[in-house]
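S.K.: After the structure tokens below, expect a handful of questions from me.
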Amino acid sequence: MSDEKHVKLAQKPYAKLFRQYGGIFLSLVVLCIIFSVMNPRFMTVANFMNVLQQIAVIAIAAFGMTWVILLGEIDLSIGSIIAVAGMVAAQAFLAGFGFLPTLVLTLAAGAVMGGINGTLTAKLGLPSFIVTVATMGIFRGLVSLPTNGAPAMIENPTWISIGAESFLGLPVIIWIVVVLFVFNHVLLSKTTFGRRAYLTGGNREAAVYSGIKVDRVKITIFMISGIMAAISGILLSSRLYSAQTNAGTSYELDAIAAAVLGGTSLAGGVGTMIGTLIGALIIGIMNNGMNMLSVPYFYQLIVKGLVILLAVWLDVRSKRAKQ
Amino acid sequence: MSAPASDVILKINNVSKLFGPVAALRNMHLEVRAGRVHTLLGENGAGKSTLMKILAGVYHATAGEVEFCGSPYKPENPQAAASRGLTIVFQELSLCNNMTVAENILATREPSVYGFINDQALERRAAEIVRDLGLPVDVTEKVGNLSMAQRQLVEIAKGLSIPDPRLVILDEPTSSLTEAETEILFSIIGRLKAKGVAVIYISHRMEEIMRLSDDITVIRDGEFIATRQREDVTIDALIAMMVGRRMDEIYPPRLSPAPAEGEAPVLAVEDLSRAGEFENVSFEVRKGEILGFFGLIGSGRSEVMNALFGMKAAAGTVRIDGKAATISSPVDAIGRRIAFVTENRKEEGLVLAHSVEWNISMAALQRFAAALGFMRRREERKSAVSEVGRLAIKTASVDTPVGSLSGGNQQKAVLAKWLLTAPRILILDEPTRGVDVGAKFEIYKIIRQLAAEGTAILLVSSELPEVLGMSDRLVVMHEGRLGATLAGGATPETVMAHATGITS
């Protein structure tokens with residue numbers, strides 16, 4: 001009976017949530033207030049929908065990146081995977097494939113590319129930074145092979161509708177983000193696979209001794225990252241009606257920034273999907289707000305860089321304070 | 001017979017070193033004289049390394065005085081120690097494998113002009129040092145291409161390359177040397193003595209100590225026991241001084257009688273070998289039995305346990321309940337209900353940033369898996385809470401990060417993690433290292449309880465009293481081989497003799 005009581009008492013989900021996300025959520029609110037004061041059109045439903053659609057591609061890639069960073073690894077190739085996914089789809093349609101086969105083929109391409117990253121990292125013991133710098137180049141090069149660098153049009157109406165249609169009053173893109181968020185969040189926080197990812201990232205040695213097949217965890221996670229990037233690529237190609245060879249360039253940096261802003265530790269073992277979602281929202285709102293204020297692009301880059309530095313510094317500082 | 005007091009080059013008086021409430025050294029005394037080899041003898045954990053680290057400026061004494069060459073000595077760091085003419089060669093190598101022998105020997109002291117290293121001068125200087133010492137190594141060779149023994153010699157050369165050495169400390173320098181290189185080392189020591197340099201020598205090899213030493217000081221449990229001249233002692237007398245303590249109330253009694261001699265073993269290991277680490281190791285352990293494993297550092301104890309747990313491949317046969325078992329990974333081992341409390345809890349045992357609960361459940365995740373791989377979080381929490389209660393782990397809650405617990409409670413968390421897998425064979429590698437006395441007793445009680453419940457236990461330790469106090473039988477390892485298998489009532493002297501290899 002006393003055990004039972006202990007079990008309940010120890011869970012205070014709201015206090016814990018606030019402790020974990022209070023700071024970053026506050027920054028999100030502050031950003032919103034600043035932008036709405038400076039531009040009255042910012043705080044409108046229409047604009048908010050706009051922001052959500054704009055962040056969709058980054059947020060989904062960032063969900064995948066969160067898994068990878070959680071493991072203490074990095075995946076720099078996702079920007080290139082985004083482009084490859086679009087090109088695979090465009091070529092599949094050209095070859096006469098229907099919507100569903102093309103979808104499956106595109107997702108499989110993402111899984112294979114992620115699997116290559118994971119296998120090279122886990123089985124050959126190469127640092128993931130180096131592996132994915134290399135595959136970033138290789139995949140980016142592959143995009144141009146079918147068209148010699150020219151964009152490829154996509155005319156499949158179902159494909160196009162992903163980026164254009166709404167469902168129950170919300171754009172389909174936003175539904176996809178919501179579904180993938182729930183999927184990744186549940187997989188990470190409620191399943192044994194998610195726990196194994198946390199443990200492997202937290203202390204690989206201890207995980208091995210505890211009977212966790214860390215290589216398998218690692219390869220699976222890089223495949224998840226590849227599939228998430230492929231879905232980002234699908235959304236992007238749908239909105240652009242085409243596969244662009246330079247699509248997704250440097251998106252890996254935004255994805256990393258979103259995950260790290262959301263509290264994912266680059267040392268591994270710590271991080272959540274909720275944090276990453278908030279991190280992606282912050283990046284999206286900064287982009288949107290600064291665009292509406294007509295801040296020149298190069299200033300935007302500087303501000304974004306400074307915000308990321310600030311977030312990482314706060315993260316490191318709070319960890320030192322705990323020790 | 002005794003030399004005049006003016007010969008005394010190093011005088012340690014009443015030195016103590018506390019780590020929190022734990023005393024690693026208490027009122028230590030030592031006098032080292034010029035031109036003599038002074039051996040420090042003590043078990044692992046007796047305080048030798050702490051004392052050496054104080055002399056090297058790595059640690060600072062909590063109390064007491066040190067006098068070196070006639071003036072007070074309190075080095076801030078190893079560089080300060082070196083500038084006074086005191087140099088120390090640690091057991092662990094501190095060489096950069098991708099740099100040359102010359103670059104390593106003169107690291108941080110490279111001949112240079114305006115920060116640009118003069119490579120020719122560097123090689124010339126290093127070559128002189130190596131030639132003076134009579135070392136058979138090429139200074140332009142990369143350290144990574146040398147054998148372990150040669151690297152150890154380079155490490156020694158690096159230590160001796162300071163401008164004017166007065167006192168040289170060698171910490172187990174021969175542990176990785178072959179006979180030929182040991183001879184080279186001994187001739188180097190002979191030349192140092194002739195130049196009037198004092199040498200503090202740390203080793204476990206008794207023949208070596210008797211051959212090399214002029215004076216021998218025995219320390220035990222951080223305390224000074226005695227200093228003797230070599231001519232006045234025997235090996236047996238030294239071993240007795242080293243281990244000579246009574247078995248007090250430190251070890252709780254058995255809760256049930258030890259299993260009978262004839263009972264079938266749960267685990268039988270035959271001729272387990274792994275090149276370069278251990279050879280033909282055979283032993284058996286029965287249900288409810290505590291089998292002690294004693295050996296000095298480097299004797300291969302932990303390597304055998306890692307092989308048994310599937311972390312390292314090894315030749316030989318492992319039988320569980322009489323049936324041959326292939327264990328090629330920890331997954332296999334856990335599947336056969338073997339649990340392994342490893343030597344380094346922070347590296348191999350725990351995820352320090354994660355909660356007590358997550359750490360306790362990590363080896364038994366399968367137990368908490370529901371359909372589709374969902375975690376049964378309530379079950380997990382219940383198990384964690386009940387283990388915390390059973391082992392009396394002191395923690396604010398099961399949500400507390402395990403890294404914020406004390407050493408003893410961290411160790412109990414590792415135990416809890418493995419107990420949740422309901423092991424039939426439990427390997428404990430140094431289960432009380434870095435744990436305070438109170439927690440030690442509690443851990444011993446848990447071990448007794450587990451044995452009474454029928455768990456077969458392999459207790460690996462470098463603390464002799466611990467293995468003697470807890471084990472039903474005892475396996476002694478020496479340099480990768482089985483020295484002996486002894487009954488529970490073995491004397492410390494017998495065990496130590498087998499562990500140091502003087503009874504072969």
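Each chain in the structure tokens gets a letter, A, B and so on, in the order shown; residues start at 1 in every chain, and ligands are counted from 1 in the order they appear.
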Within 7 Å of chain B, which residues of chain A show up when using only C-alpha atoms, listed as a ChimeraX atom specification?

M.R.: /A:3,7,10,190-193,199,202-203,205-206,209-211

S.K.: Keeping C-alpha atoms, export the residues of the selection given above as a PDB file, in the first residue's frame.

M.R.:
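Listing of again32.pdb after writing:
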```pdb
ATOM      1  CA  ASP A   3       4.449   1.455  -2.322  1.00  0.00           C
ATOM      2  CA  VAL A   7       4.164   5.422  -7.006  1.00  0.00           C
ATOM      3  CA  ALA A  10       6.451  10.640  -7.393  1.00  0.00           C
ATOM      4  CA  LYS A 190       6.357   5.156 -24.272  1.00  0.00           C
ATOM      5  CA  THR A 191       8.133   2.184 -25.831  1.00  0.00           C
ATOM      6  CA  THR A 192      11.089  -0.009 -24.976  1.00  0.00           C
ATOM      7  CA  PHE A 193      12.710   1.073 -28.232  1.00  0.00           C
ATOM      8  CA  LEU A 199      20.094   4.493 -22.584  1.00  0.00           C
ATOM      9  CA  GLY A 202      23.305   8.191 -22.184  1.00  0.00           C
ATOM     10  CA  ASN A 203      26.056   5.611 -21.770  1.00  0.00           C
ATOM     11  CA  GLU A 205      29.086   1.007 -22.534  1.00  0.00           C
ATOM     12  CA  ALA A 206      26.499   0.561 -19.797  1.00  0.00           C
ATOM     13  CA  TYR A 209      26.600  -4.485 -20.611  1.00  0.00           C
ATOM     14  CA  SER A 210      22.861  -4.340 -19.951  1.00  0.00           C
ATOM     15  CA  GLY A 211      22.134  -6.424 -23.016  1.00  0.00           C
TER      16      GLY A 211
END
```

S.K.: Would you return as JSON, numbers by chain the members of segment 12-233 of chain A that DSSP assigns to strand (DSSP E) on this structure's backbone?

M.R.: {"A": [152, 153, 166, 167, 170, 171]}

S.K.: Excluding Leu240 of chain A and any residue of its chain fewer than 3 positions from it, enumerate the residues within 10 Å of it, using only C-alpha atoms, and give them as a count of residues only.

M.R.: 12

S.K.: Can you tell me how far atom CA of Arg216 of chain A sits from atom CA of Leu180 of chain A, in Å to one decimal?

M.R.: 22.2 Å

S.K.: Given the choices A:Ser265, A:Asn184, A:Ser144, A:Asn47, which gets closest to Gly284 of chain A if the distance is worked out from only C-alpha atoms?

M.R.: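 With only C-alpha atoms as the atom set, the closest residue is A:Asn47.
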
S.K.: Could you list, as a PyMOL selection string, every residue within 9 Å of Met113 of chain A, counting only C-alpha atoms and ignoring same-chain residues fewer than 6 positions away?

M.R.: chain A and resi 77+81+135+139+222-223+226-227

S.K.: Please save N, CA and C atoms of the selected residues as a PDB file, in the first residue's frame.

M.R.:
```pdb
ATOM      1  N   SER A  77      23.363  14.716 -43.348  1.00  0.00           N
ATOM      2  CA  SER A  77      22.985  14.406 -44.729  1.00  0.00           C
ATOM      3  C   SER A  77      21.502  14.633 -44.999  1.00  0.00           C
ATOM      4  N   ILE A  81      19.117  14.310 -48.350  1.00  0.00           N
ATOM      5  CA  ILE A  81      18.086  13.265 -48.461  1.00  0.00           C
ATOM      6  C   ILE A  81      16.753  13.893 -48.869  1.00  0.00           C
ATOM      7  N   THR A 135      28.255  11.503 -46.967  1.00  0.00           N
ATOM      8  CA  THR A 135      27.025  11.134 -47.673  1.00  0.00           C
ATOM      9  C   THR A 135      26.223  12.379 -48.044  1.00  0.00           C
ATOM     10  N   PHE A 139      24.884  12.166 -51.668  1.00  0.00           N
ATOM     11  CA  PHE A 139      23.446  12.224 -51.963  1.00  0.00           C
ATOM     12  C   PHE A 139      23.115  13.468 -52.789  1.00  0.00           C
ATOM     13  N   PHE A 222      19.139   5.897 -37.464  1.00  0.00           N
ATOM     14  CA  PHE A 222      19.525   6.611 -38.686  1.00  0.00           C
ATOM     15  C   PHE A 222      18.495   6.381 -39.794  1.00  0.00           C
ATOM     16  N   MET A 223      17.865   5.204 -39.793  1.00  0.00           N
ATOM     17  CA  MET A 223      16.807   4.955 -40.785  1.00  0.00           C
ATOM     18  C   MET A 223      15.595   5.843 -40.501  1.00  0.00           C
ATOM     19  N   GLY A 226      16.395   9.151 -41.804  1.00  0.00           N
ATOM     20  CA  GLY A 226      16.296   9.166 -43.264  1.00  0.00           C
ATOM     21  C   GLY A 226      14.844   9.230 -43.725  1.00  0.00           C
ATOM     22  N   ILE A 227      13.979   8.463 -43.056  1.00  0.00           N
ATOM     23  CA  ILE A 227      12.561   8.444 -43.457  1.00  0.00           C
ATOM     24  C   ILE A 227      11.914   9.802 -43.172  1.00  0.00           C
TER      25      ILE A 227
END
```

S.K.: Can you pull out every residue within 9 Å of segment 207-209 of chain B, counting only C-alpha atoms, but drop anything in the same chain fewer than 5 positions away, and send it as an MDAnalysis selection string?

M.R.: chainID B and resid 39 201:202 216 230 235 502

S.K.: Leaving out Thr200 of chain A and any residue of its chain fewer than 3 positions from it, which residues lie within 10 Å of it when counting only C-alpha atoms, given as a PyMOL selection string?

M.R.: (chain A and resi 70-72+194-197+203-208+212-215+217-218+268-269) or (chain B and resi 351)

S.K.: Excluding Ile274 of chain A and its own-chain neighbours fewer than 2 positions away, which residues fall within 10 Å of it when counting only C-alpha atoms? Please give them as a list in words.

M.R.: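 Listing them by chain and then by number gives Leu17, Tyr21, Phe63, Phe181, Val182, Asn184, His185, Ala259, Gly262, Gly263, Gly271, Thr272, Thr276, Leu277, Ile278, Gly279 and Ala280 of chain A.
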
S.K.: For the selection just defined, write its residues with C-alpha atoms to a file, as a compact mmCIF listing (two decimals), in the first residue's frame.

M.R.:
```
# COMPACT_ATOMS: atom_id res chain seq x y z
CA LEU A 17 6.67 19.75 -17.75
CA TYR A 21 9.99 23.46 -20.97
CA PHE A 63 12.01 14.95 -35.24
CA PHE A 181 4.88 14.43 -33.81
CA VAL A 182 2.54 12.06 -31.96
CA ASN A 184 7.70 10.08 -32.68
CA HIS A 185 6.72 11.27 -29.23
CA ALA A 259 16.46 19.98 -31.55
CA GLY A 262 14.36 22.19 -27.53
CA GLY A 263 16.84 20.89 -24.98
CA GLY A 271 15.90 15.22 -25.24
CA THR A 272 12.21 15.12 -26.11
CA THR A 276 12.04 19.88 -30.55
CA LEU A 277 8.56 20.96 -31.67
CA ILE A 278 8.85 24.13 -29.59
CA GLY A 279 12.37 24.65 -30.94
CA ALA A 280 11.07 24.38 -34.50
```
